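Structure below is run-v2.txt: compact mmCIF, C-alpha atoms.
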# COMPACT_ATOMS: atom_id res chain seq x y z
CA MET A 1319 22.74 -8.75 73.84
CA SER A 1320 25.86 -10.41 75.16
CA GLU A 1321 28.28 -12.44 73.04
CA GLU A 1322 27.46 -15.46 75.16
CA THR A 1323 23.69 -15.21 74.57
CA LEU A 1324 24.21 -14.83 70.83
CA THR A 1325 26.42 -17.91 70.70
CA GLU A 1326 23.87 -19.96 72.64
CA THR A 1327 21.20 -19.20 70.04
CA LEU A 1328 23.07 -21.14 67.33
CA PRO A 1329 20.49 -23.63 66.11
CA PRO A 1330 21.38 -27.19 65.09
CA ILE A 1331 22.21 -27.89 61.45
CA ARG A 1332 19.23 -29.49 59.70
CA HIS A 1333 19.74 -31.69 56.64
CA TRP A 1334 17.30 -30.58 53.93
CA PRO A 1335 17.06 -33.31 51.27
CA ALA A 1336 14.32 -31.52 49.25
CA PHE A 1337 12.61 -34.74 48.21
CA ASP A 1338 10.25 -34.79 45.23
CA LEU A 1339 6.94 -33.74 46.75
CA THR A 1340 3.36 -34.72 45.93
CA GLY A 1341 1.35 -32.23 43.89
CA THR A 1342 1.40 -28.75 45.38
CA ASP A 1343 2.15 -29.96 48.92
CA PHE A 1344 4.22 -27.57 51.00
CA ASP A 1345 7.67 -28.95 51.88
CA PRO A 1346 7.33 -30.54 55.36
CA VAL A 1347 11.01 -29.90 56.13
CA LEU A 1348 10.56 -26.19 55.39
CA ALA A 1349 7.41 -26.16 57.54
CA ASP A 1350 9.44 -27.68 60.42
CA LEU A 1351 12.23 -25.13 59.92
CA MET A 1352 9.69 -22.29 60.04
CA ARG A 1353 8.36 -23.63 63.33
CA GLU A 1354 11.87 -24.05 64.76
CA GLY A 1355 12.62 -20.37 64.52
CA PRO A 1356 13.02 -17.33 62.32
CA VAL A 1357 16.69 -18.13 61.64
CA THR A 1358 17.85 -21.74 61.33
CA ARG A 1359 20.82 -23.59 59.82
CA VAL A 1360 20.57 -25.95 56.87
CA GLN A 1361 22.65 -28.32 54.81
CA LEU A 1362 21.48 -29.06 51.24
CA ALA A 1363 22.30 -31.93 48.88
CA SER A 1364 25.29 -30.32 47.07
CA GLY A 1365 28.15 -27.99 47.87
CA GLU A 1366 29.88 -27.84 51.24
CA GLY A 1367 29.20 -26.79 54.81
CA TRP A 1368 25.98 -25.22 56.09
CA ALA A 1369 24.06 -21.98 55.57
CA TRP A 1370 21.66 -19.81 57.51
CA LEU A 1371 18.00 -19.93 56.45
CA VAL A 1372 15.75 -16.92 57.00
CA THR A 1373 12.00 -17.59 56.79
CA ARG A 1374 10.05 -14.68 58.30
CA TYR A 1375 8.55 -12.19 55.84
CA ASP A 1376 10.16 -9.04 57.30
CA ASP A 1377 13.57 -10.71 57.63
CA VAL A 1378 13.44 -12.06 54.07
CA ARG A 1379 12.73 -8.56 52.76
CA MET A 1380 15.51 -7.11 54.91
CA VAL A 1381 18.18 -9.60 53.77
CA THR A 1382 17.26 -9.32 50.06
CA ASN A 1383 17.37 -5.52 50.16
CA ASP A 1384 20.47 -5.02 52.35
CA SER A 1385 23.89 -4.38 50.81
CA ARG A 1386 25.55 -6.20 53.72
CA PHE A 1387 24.44 -9.46 52.05
CA SER A 1388 26.22 -10.10 48.74
CA ARG A 1389 25.34 -12.37 45.84
CA GLU A 1390 28.68 -11.70 44.13
CA ALA A 1391 30.67 -13.01 47.10
CA VAL A 1392 29.16 -16.49 46.54
CA MET A 1393 31.13 -17.04 43.33
CA GLY A 1394 34.10 -19.34 43.75
CA ARG A 1395 32.78 -20.72 47.04
CA GLN A 1396 31.33 -24.20 47.48
CA VAL A 1397 28.30 -23.04 49.47
CA THR A 1398 25.80 -25.76 50.40
CA ARG A 1399 23.11 -25.73 47.68
CA LEU A 1400 20.42 -27.82 46.01
CA ALA A 1401 21.77 -27.77 42.43
CA PRO A 1402 24.80 -29.95 41.70
CA HIS A 1403 26.36 -26.95 39.91
CA TYR A 1404 25.93 -23.18 39.84
CA ILE A 1405 23.52 -21.96 37.17
CA PRO A 1406 24.80 -18.35 36.93
CA ASP A 1407 28.29 -17.72 35.58
CA ARG A 1408 30.57 -15.11 37.10
CA GLY A 1409 29.38 -11.70 35.91
CA ALA A 1410 25.80 -12.91 35.33
CA VAL A 1411 23.13 -10.56 36.66
CA GLY A 1412 21.93 -13.11 39.23
CA VAL A 1413 25.24 -12.92 41.10
CA LEU A 1414 26.04 -9.24 40.68
CA ASP A 1415 25.63 -6.59 43.37
CA PRO A 1416 24.79 -2.94 42.75
CA PRO A 1417 26.04 -0.79 41.02
CA ASP A 1418 26.96 -3.38 38.32
CA HIS A 1419 23.67 -5.18 38.86
CA THR A 1420 21.75 -1.91 38.45
CA ARG A 1421 23.61 -1.03 35.25
CA LEU A 1422 22.90 -4.40 33.69
CA ARG A 1423 19.21 -4.46 34.67
CA ARG A 1424 18.81 -0.94 33.26
CA ALA A 1425 19.85 -2.18 29.81
CA VAL A 1426 16.70 -4.33 29.46
CA ALA A 1427 14.32 -2.57 31.84
CA ALA A 1428 12.22 -1.10 29.01
CA ALA A 1429 11.13 -4.56 27.83
CA PHE A 1430 9.78 -5.53 31.25
CA THR A 1431 7.88 -2.37 32.24
CA ALA A 1432 4.08 -2.35 32.09
CA LYS A 1433 4.35 -0.61 28.71
CA GLY A 1434 6.96 -3.07 27.41
CA VAL A 1435 4.88 -6.08 28.45
CA GLU A 1436 1.65 -4.58 27.09
CA ARG A 1437 3.44 -4.17 23.74
CA ILE A 1438 3.35 -7.94 23.25
CA ARG A 1439 -0.16 -8.57 24.69
CA PRO A 1440 -1.84 -8.79 21.22
CA GLN A 1441 0.79 -11.27 19.93
CA ALA A 1442 0.60 -13.27 23.17
CA ARG A 1443 -3.20 -13.47 23.02
CA GLY A 1444 -3.06 -14.43 19.33
CA MET A 1445 -0.52 -17.23 19.96
CA LEU A 1446 -2.62 -18.54 22.87
CA ASP A 1447 -5.84 -18.48 20.81
CA GLU A 1448 -4.13 -20.56 18.13
CA LEU A 1449 -3.02 -23.13 20.71
CA VAL A 1450 -6.52 -23.35 22.20
CA ASP A 1451 -8.01 -23.62 18.67
CA GLU A 1452 -5.79 -26.66 18.08
CA LEU A 1453 -6.73 -28.11 21.46
CA LEU A 1454 -10.45 -27.82 20.69
CA GLN A 1455 -9.96 -29.16 17.17
CA ASP A 1456 -8.10 -32.27 18.39
CA GLY A 1457 -10.71 -32.81 21.11
CA PRO A 1458 -10.40 -34.34 24.59
CA PRO A 1459 -8.63 -35.80 26.41
CA ALA A 1460 -5.44 -33.76 26.21
CA ASP A 1461 -2.27 -33.00 28.14
CA LEU A 1462 -2.64 -29.32 29.01
CA THR A 1463 1.09 -29.07 29.80
CA ALA A 1464 2.18 -30.29 26.36
CA THR A 1465 -0.51 -28.56 24.31
CA VAL A 1466 -0.71 -25.11 25.94
CA LEU A 1467 1.27 -24.54 29.14
CA THR A 1468 4.66 -25.40 27.59
CA PRO A 1469 4.47 -23.86 24.09
CA PHE A 1470 2.75 -20.65 25.22
CA PRO A 1471 5.39 -19.30 27.67
CA ILE A 1472 8.17 -20.36 25.27
CA ALA A 1473 6.53 -18.43 22.44
CA VAL A 1474 5.98 -15.38 24.67
CA ILE A 1475 9.49 -15.20 26.16
CA CYS A 1476 11.02 -15.79 22.72
CA GLU A 1477 8.83 -12.99 21.33
CA LEU A 1478 10.00 -10.66 24.10
CA MET A 1479 13.63 -11.77 23.70
CA GLY A 1480 13.57 -11.46 19.90
CA VAL A 1481 14.35 -15.16 19.28
CA PRO A 1482 13.08 -16.23 15.82
CA ALA A 1483 10.27 -18.81 15.83
CA GLY A 1484 12.43 -21.50 14.18
CA ASP A 1485 14.93 -21.44 17.07
CA ARG A 1486 12.34 -21.87 19.84
CA PRO A 1487 12.51 -25.70 20.08
CA ASP A 1488 16.29 -25.46 20.73
CA MET A 1489 15.68 -22.86 23.45
CA HIS A 1490 13.20 -25.16 25.17
CA THR A 1491 15.55 -28.17 25.04
CA TRP A 1492 18.46 -26.17 26.45
CA THR A 1493 16.30 -24.71 29.23
CA GLN A 1494 15.04 -28.15 30.32
CA LEU A 1495 18.61 -29.50 30.50
CA ILE A 1496 19.85 -26.47 32.45
CA LEU A 1497 17.02 -26.60 35.00
CA SER A 1498 17.04 -30.33 35.66
CA SER A 1499 19.43 -32.07 37.99
CA ALA A 1500 18.32 -35.43 36.55
CA HIS A 1501 20.53 -35.33 33.42
CA GLY A 1502 23.78 -34.64 35.28
CA LYS A 1503 26.15 -31.71 35.49
CA GLU A 1504 27.83 -32.25 32.10
CA ALA A 1505 24.58 -32.20 30.09
CA SER A 1506 23.43 -29.12 31.96
CA GLU A 1507 26.66 -27.19 31.45
CA LYS A 1508 26.85 -28.17 27.77
CA ALA A 1509 23.31 -26.84 27.26
CA LYS A 1510 24.25 -23.60 29.00
CA ARG A 1511 27.33 -23.19 26.77
CA GLU A 1512 25.22 -23.79 23.65
CA MET A 1513 22.54 -21.30 24.71
CA SER A 1514 25.24 -18.75 25.59
CA ALA A 1515 26.90 -19.18 22.18
CA TYR A 1516 23.51 -18.70 20.50
CA PHE A 1517 22.83 -15.44 22.36
CA SER A 1518 26.39 -14.25 21.78
CA ASP A 1519 25.74 -14.47 18.03
CA LEU A 1520 22.25 -12.95 18.25
CA VAL A 1521 23.21 -10.01 20.50
CA GLY A 1522 26.34 -9.41 18.39
CA LEU A 1523 24.20 -9.07 15.26
CA ARG A 1524 22.02 -6.40 16.90
CA GLU A 1525 24.58 -3.88 18.15
CA GLY A 1526 23.06 -1.03 16.17
CA SER A 1527 19.44 -2.07 16.64
CA THR A 1528 16.60 0.28 17.60
CA ALA A 1529 14.05 -2.55 18.08
CA GLU A 1530 12.35 -3.09 21.46
CA ASP A 1531 12.99 -6.80 22.05
CA VAL A 1532 15.49 -7.84 24.73
CA THR A 1533 18.36 -9.01 22.49
CA SER A 1534 18.07 -5.77 20.47
CA LEU A 1535 18.14 -3.68 23.67
CA LEU A 1536 21.20 -5.68 24.82
CA GLY A 1537 22.88 -5.37 21.42
CA ALA A 1538 22.37 -1.59 21.48
CA ALA A 1539 23.72 -1.40 25.07
CA VAL A 1540 26.82 -3.41 24.02
CA GLY A 1541 27.23 -1.09 21.02
CA ARG A 1542 27.15 1.97 23.31
CA GLY A 1543 29.71 0.37 25.63
CA GLU A 1544 27.27 0.27 28.58
CA VAL A 1545 27.52 -3.51 29.06
CA THR A 1546 30.00 -6.08 27.79
CA LEU A 1547 28.94 -8.84 25.40
CA GLU A 1548 29.65 -11.40 28.12
CA GLU A 1549 27.36 -9.57 30.57
CA ALA A 1550 24.64 -9.26 27.93
CA VAL A 1551 24.79 -12.98 27.16
CA GLY A 1552 24.61 -13.92 30.85
CA LEU A 1553 21.52 -11.77 31.28
CA ALA A 1554 19.86 -13.13 28.13
CA VAL A 1555 20.38 -16.73 29.32
CA LEU A 1556 18.90 -15.96 32.75
CA LEU A 1557 15.86 -14.19 31.27
CA GLN A 1558 15.24 -16.92 28.71
CA ILE A 1559 15.39 -19.66 31.37
CA GLY A 1560 13.21 -17.62 33.73
CA GLY A 1561 10.57 -17.25 31.03
CA GLU A 1562 9.81 -20.95 31.17
CA ALA A 1563 9.09 -20.81 34.89
CA VAL A 1564 5.58 -19.79 33.81
CA THR A 1565 5.05 -23.34 32.45
CA ASN A 1566 5.61 -24.78 35.91
CA ASN A 1567 3.76 -22.04 37.79
CA SER A 1568 0.72 -22.18 35.50
CA GLY A 1569 0.79 -25.98 35.70
CA GLN A 1570 0.58 -25.73 39.48
CA LEU A 1571 -2.02 -22.98 39.19
CA PHE A 1572 -4.34 -25.08 37.01
CA TYR A 1573 -3.72 -28.18 39.12
CA LEU A 1574 -4.86 -26.19 42.16
CA LEU A 1575 -7.93 -24.87 40.34
CA LEU A 1576 -8.93 -28.21 38.83
CA THR A 1577 -8.65 -29.98 42.18
CA ARG A 1578 -10.77 -27.28 43.85
CA PRO A 1579 -13.95 -26.89 41.73
CA ASP A 1580 -15.33 -24.20 44.09
CA LEU A 1581 -12.42 -21.91 43.13
CA VAL A 1582 -13.03 -22.43 39.40
CA ALA A 1583 -16.73 -21.73 39.88
CA ARG A 1584 -15.90 -18.39 41.52
CA LEU A 1585 -13.56 -17.40 38.69
CA ARG A 1586 -16.21 -18.29 36.10
CA SER A 1587 -19.05 -16.47 37.87
CA ASP A 1588 -17.05 -13.36 38.76
CA PRO A 1589 -14.33 -12.71 36.12
CA GLY A 1590 -13.53 -9.36 37.76
CA ILE A 1591 -11.75 -11.12 40.63
CA ARG A 1592 -9.34 -13.01 38.35
CA PRO A 1593 -6.31 -10.67 38.65
CA ARG A 1594 -6.57 -10.70 42.47
CA ALA A 1595 -7.16 -14.46 42.45
CA ILE A 1596 -4.03 -15.02 40.35
CA ASP A 1597 -2.01 -12.99 42.87
CA GLU A 1598 -3.32 -15.20 45.67
CA LEU A 1599 -2.50 -18.37 43.72
CA LEU A 1600 1.03 -17.02 43.07
CA ARG A 1601 1.42 -16.48 46.83
CA PHE A 1602 0.27 -20.01 47.58
CA ILE A 1603 2.05 -22.00 44.84
CA PRO A 1604 5.25 -23.75 46.05
CA HIS A 1605 7.27 -22.48 43.08
CA ARG A 1606 10.53 -24.30 43.71
CA ASN A 1607 12.26 -27.01 45.66
CA ALA A 1608 14.21 -25.75 48.71
CA VAL A 1609 15.90 -22.38 48.04
CA GLY A 1610 17.58 -20.53 45.17
CA LEU A 1611 20.86 -18.60 45.26
CA ALA A 1612 22.68 -17.85 48.51
CA ARG A 1613 24.09 -14.56 49.71
CA ILE A 1614 27.22 -14.01 51.80
CA ALA A 1615 27.24 -11.71 54.84
CA LEU A 1616 29.93 -9.05 54.29
CA GLU A 1617 29.95 -8.10 57.99
CA ASP A 1618 28.47 -9.36 61.23
CA VAL A 1619 24.69 -8.88 61.20
CA GLU A 1620 22.21 -9.71 63.95
CA ILE A 1621 18.78 -11.08 62.97
CA ARG A 1622 16.28 -11.87 65.74
CA GLY A 1623 19.00 -12.39 68.32
CA VAL A 1624 21.15 -14.60 66.09
CA ARG A 1625 24.53 -13.26 65.04
CA ILE A 1626 25.35 -14.02 61.42
CA ARG A 1627 29.11 -13.71 61.01
CA ALA A 1628 30.92 -12.04 58.14
CA GLY A 1629 31.53 -14.73 55.51
CA ASP A 1630 28.51 -16.86 56.47
CA ALA A 1631 26.19 -18.04 53.69
CA VAL A 1632 22.55 -16.98 54.03
CA TYR A 1633 19.45 -18.22 52.20
CA VAL A 1634 16.00 -16.67 52.24
CA SER A 1635 12.81 -18.62 51.55
CA TYR A 1636 10.19 -16.65 49.64
CA LEU A 1637 7.89 -19.67 49.97
CA ALA A 1638 8.11 -19.44 53.75
CA ALA A 1639 7.67 -15.64 53.70
CA ASN A 1640 4.47 -16.08 51.68
CA ARG A 1641 3.08 -18.32 54.46
CA ASP A 1642 4.08 -16.03 57.35
CA PRO A 1643 0.97 -15.90 59.59
CA GLY A 1644 2.13 -12.54 60.93
CA VAL A 1645 1.51 -11.05 57.48
CA PHE A 1646 -1.03 -13.37 55.83
CA THR A 1647 -4.05 -14.32 57.96
CA ASP A 1648 -4.74 -18.05 57.67
CA PRO A 1649 -1.87 -18.49 55.17
CA GLU A 1650 -2.73 -22.13 54.32
CA THR A 1651 -6.07 -21.03 52.84
CA ILE A 1652 -6.44 -19.82 49.24
CA ASP A 1653 -8.46 -16.63 49.75
CA PHE A 1654 -9.37 -14.76 46.55
CA SER A 1655 -10.54 -11.77 48.60
CA ARG A 1656 -7.17 -11.39 50.35
CA SER A 1657 -6.29 -7.70 50.35
CA PRO A 1658 -3.71 -6.38 50.63
CA ASN A 1659 -1.61 -9.28 49.35
CA PRO A 1660 2.04 -8.16 49.54
CA HIS A 1661 3.41 -11.58 48.52
CA VAL A 1662 7.04 -12.03 47.45
CA ALA A 1663 6.46 -14.72 44.80
CA PHE A 1664 8.66 -12.70 42.42
CA GLY A 1665 11.30 -11.95 45.04
CA PHE A 1666 12.22 -8.63 46.60
CA GLY A 1667 14.95 -6.02 46.50
CA PRO A 1668 17.40 -5.48 43.61
CA HIS A 1669 17.06 -9.10 42.44
CA TYR A 1670 13.24 -8.91 42.18
CA CYS A 1671 12.24 -11.00 39.13
CA PRO A 1672 12.16 -8.66 36.12
CA GLY A 1673 9.57 -10.93 34.50
CA GLY A 1674 6.94 -10.48 37.22
CA MET A 1675 4.62 -8.37 35.06
CA LEU A 1676 5.11 -10.70 32.09
CA ALA A 1677 4.24 -13.75 34.24
CA ARG A 1678 1.09 -12.02 35.51
CA LEU A 1679 0.06 -11.14 31.95
CA GLU A 1680 0.53 -14.75 30.81
CA SER A 1681 -1.35 -16.13 33.82
CA GLU A 1682 -4.29 -13.78 33.22
CA LEU A 1683 -4.45 -14.67 29.51
CA LEU A 1684 -4.28 -18.41 30.32
CA VAL A 1685 -7.03 -18.26 32.96
CA ASP A 1686 -9.30 -16.21 30.67
CA ALA A 1687 -8.73 -18.40 27.59
CA LEU A 1688 -9.00 -21.81 29.26
CA LEU A 1689 -11.91 -21.08 31.61
CA ASP A 1690 -13.94 -19.14 29.05
CA ARG A 1691 -13.32 -21.29 25.98
CA LEU A 1692 -13.44 -24.69 27.75
CA PRO A 1693 -16.40 -24.35 30.13
CA GLY A 1694 -16.27 -28.03 31.13
CA LEU A 1695 -12.50 -28.15 31.73
CA ARG A 1696 -11.58 -30.72 34.40
CA LEU A 1697 -8.90 -33.28 35.23
CA ALA A 1698 -9.08 -36.49 33.19
CA VAL A 1699 -7.47 -38.55 35.97
CA PRO A 1700 -7.71 -38.54 39.79
CA PRO A 1701 -5.54 -35.75 41.31
CA GLY A 1702 -3.09 -38.30 42.73
CA GLN A 1703 -2.35 -39.63 39.24
CA VAL A 1704 -1.12 -36.30 37.85
CA PRO A 1705 2.66 -36.81 37.44
CA PHE A 1706 4.89 -34.08 38.88
CA LYS A 1707 8.49 -33.36 37.82
CA LYS A 1708 11.23 -35.31 39.55
CA GLY A 1709 14.71 -34.02 40.31
CA ALA A 1710 13.92 -30.49 39.10
CA LEU A 1711 14.80 -27.23 40.83
CA ILE A 1712 11.46 -25.69 39.81
CA ARG A 1713 8.30 -27.61 40.71
CA GLY A 1714 5.40 -28.34 38.37
CA PRO A 1715 3.36 -31.10 36.71
CA GLU A 1716 5.13 -33.23 34.11
CA ALA A 1717 1.74 -33.60 32.42
CA LEU A 1718 -1.73 -32.28 33.20
CA PRO A 1719 -4.30 -34.69 31.69
CA VAL A 1720 -7.60 -32.83 31.15
CA THR A 1721 -10.95 -33.31 29.45
CA TRP A 1722 -13.93 -31.02 28.84
Spell out the structure here as structure tokens.
Amino acid sequence: MSEETLTETLPPIRHWPAFDLTGTDFDPVLADLMREGPVTRVQLASGEGWAWLVTRYDDVRMVTNDSRFSREAVMGRQVTRLAPHYIPDRGAVGVLDPPDHTRLRRAVAAAFTAKGVERIRPQARGMLDELVDELLQDGPPADLTATVLTPFPIAVICELMGVPAGDRPDMHTWTQLILSSAHGKEASEKAKREMSAYFSDLVGLREGSTAEDVTSLLGAAVGRGEVTLEEAVGLAVLLQIGGEAVTNNSGQLFYLLLTRPDLVARLRSDPGIRPRAIDELLRFIPHRNAVGLARIALEDVEIRGVRIRAGDAVYVSYLAANRDPGVFTDPETIDFSRSPNPHVAFGFGPHYCPGGMLARLESELLVDALLDRLPGLRLAVPPGQVPFKKGALIRGPEALPVTW
């Protein structure tokens, strides 16, 4: 393809305000961008300049798994972005490239394998049963977000991380401040500093540990000189924050189910389909507003006839990839029989979410417990009156009023 043709394919720059959306509606701006082409250009609310946006499934997987696109190269650059500030610090796992990224992930990998996650299944089920016991005891109506969907993932990620029960409320407060753009940059950065200081102390205390929780694994890795304390703290913060994404995802999941009684009926009548159904709901749920962290092209790369220059910022949209009609037949339909379902709800490539198996475990436990123990579970208000979070990077209901 000639230089001239490549230059002509430069699409216009689209402003992407990422407004607060209703319920689980798909972002109309992203839908327009997907229609405009496989590679478009966007400008988000913060940062500077513009960035490429890649939306097709195959291209998203290529970019996220290709060493020519670097997360590390983003640091120190004011790339256009949704958040008013960068969440990862320099050296944090989210902005490292292999081999450093691989080394750091290896330090905690054991906690997030199928075996590592199964290790905490009995505690997770026990904690959830207690929450549902309290819910039933207090009687309807109730806010499912406050009573179950918030405390459960916090308890589970803290259990996996090795955070003592008494410190869990602080963890939750810090996470909310870090993930919200509504409280301002200063409040968010202060919360991140406080959480980092907490994990610095906790990991430091566990340098000789042989326990299997994440902070013990990190402490042992620091003690062996495999990772620095600073790297360990950055990873702990990212994992702790990520653990609460389940609150938002499960909030959206139950909102979808409770506004579509036919889906709930299927899950009740045929419990065997629940794992596959959860995968389909994870594909469909609009997990976040706009896009996450950018990558920088380290050399010129051509995608679908568009030349991305060395130094250009590139975003991928996993939400768009999960609605790619070339991969998912009738992508706007929730189809519990969809198979195969190669969704990328947990990302792809080296930065694939380490908590994917943990999130699936929690979702399965939640669906089983709430559908089986509350047979009449339904929304207590019309769907349009369920309040959704405003000004947050991760989407989800603020409250989920239910009765049974």
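Distance annotation: of A:Gly1560, A:Pro1458, A:Gly1502, A:Pro1668, the residue with the minimal separation from Arg1421 in chain A is A:Pro1668; atom set is only C-alpha atoms.
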Taking (19.5, -9.8, 57.4) as a centre in this file's frame and 8 Å as the limit, can you find every polymer residue with an atom that close, using all atoms listed in the file, and give them as a PDB file with C-alpha atoms, keeping the file's coordinate frame?
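Resulting contents of out.pdb:
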ATOM      1  CA  ASP A1377      13.570 -10.710  57.630  1.00  0.00           C
ATOM      2  CA  VAL A1378      13.440 -12.060  54.070  1.00  0.00           C
ATOM      3  CA  MET A1380      15.510  -7.110  54.910  1.00  0.00           C
ATOM      4  CA  VAL A1381      18.180  -9.600  53.770  1.00  0.00           C
ATOM      5  CA  THR A1382      17.260  -9.320  50.060  1.00  0.00           C
ATOM      6  CA  ASP A1384      20.470  -5.020  52.350  1.00  0.00           C
ATOM      7  CA  ARG A1386      25.550  -6.200  53.720  1.00  0.00           C
ATOM      8  CA  PHE A1387      24.440  -9.460  52.050  1.00  0.00           C
ATOM      9  CA  VAL A1619      24.690  -8.880  61.200  1.00  0.00           C
ATOM     10  CA  GLU A1620      22.210  -9.710  63.950  1.00  0.00           C
ATOM     11  CA  ILE A1621      18.780 -11.080  62.970  1.00  0.00           C
TER      12      ILE A1621
END
Each range 1326-1371 of chain A residue no farther than 10 Å from range 1390-1414 of chain A, nearest pair in Å, all atoms listed in the file, as JSON lines:
{"residue": "A:Trp1334", "atom": "CA", "partner": "A:Leu1400", "partner_atom": "CA", "distance": 8.9}
{"residue": "A:Pro1335", "atom": "CA", "partner": "A:Leu1400", "partner_atom": "CA", "distance": 8.3}
{"residue": "A:Ala1336", "atom": "CA", "partner": "A:Leu1400", "partner_atom": "CA", "distance": 7.8}
{"residue": "A:Val1360", "atom": "CA", "partner": "A:Thr1398", "partner_atom": "CA", "distance": 8.3}
{"residue": "A:Gln1361", "atom": "CA", "partner": "A:Thr1398", "partner_atom": "CA", "distance": 6.0}
{"residue": "A:Leu1362", "atom": "CA", "partner": "A:Arg1399", "partner_atom": "CA", "distance": 5.1}
{"residue": "A:Ala1363", "atom": "CA", "partner": "A:Leu1400", "partner_atom": "CA", "distance": 5.4}
{"residue": "A:Ser1364", "atom": "CA", "partner": "A:Arg1399", "partner_atom": "CA", "distance": 5.1}
{"residue": "A:Gly1365", "atom": "CA", "partner": "A:Thr1398", "partner_atom": "CA", "distance": 4.1}
{"residue": "A:Glu1366", "atom": "CA", "partner": "A:Thr1398", "partner_atom": "CA", "distance": 4.7}
{"residue": "A:Gly1367", "atom": "CA", "partner": "A:Thr1398", "partner_atom": "CA", "distance": 5.7}
{"residue": "A:Trp1368", "atom": "CA", "partner": "A:Thr1398", "partner_atom": "CA", "distance": 5.7}
{"residue": "A:Ala1369", "atom": "CA", "partner": "A:Thr1398", "partner_atom": "CA", "distance": 6.6}
Nearby residues, (21.5, -26.1, 66.2) file frame, 12 Å, all atoms listed in the file, as a PyMOL selection string: chain A and resi 1325-1333+1351+1354-1355+1357-1361+1368-1370+1624
CA of Val1435 in chain A to CA of Leu1683 in chain A, distance in Å rounded to a single decimal: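 These two atoms are separated by 12.7 Å.
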Atom-to-atom span, CA of Leu1495 in chain A and CA of Val1555 in chain A, Å: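 The value is 12.9 Å.
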Smallest atom-to-atom distance to Arg1613 in chain A: which of A:Glu1716, A:Asp1415, A:Asp1531, A:Glu1512, using all atoms listed in the file?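 Checking each of A:Glu1716, A:Asp1415, A:Asp1531, A:Glu1512 against Arg1613 in chain A, counting all atoms listed in the file, the winner is A:Asp1415.
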Closest to Thr1463 in chain A among A:Gly1444, A:Pro1604, A:Gly1569, A:Pro1660, using only C-alpha atoms? A:Gly1569
Of A:Arg1437, A:Leu1462, A:Glu1548, A:Ser1657, the one nearest to Leu1449 in chain A when counting all atoms listed in the file is A:Leu1462
Proximity to Val1426 in chain A - best of A:Glu1544, A:Glu1504, A:Glu1680, A:Glu1452, all atoms listed in the file: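 Among the listed residues, the smallest separation from Val1426 in chain A belongs to A:Glu1544.
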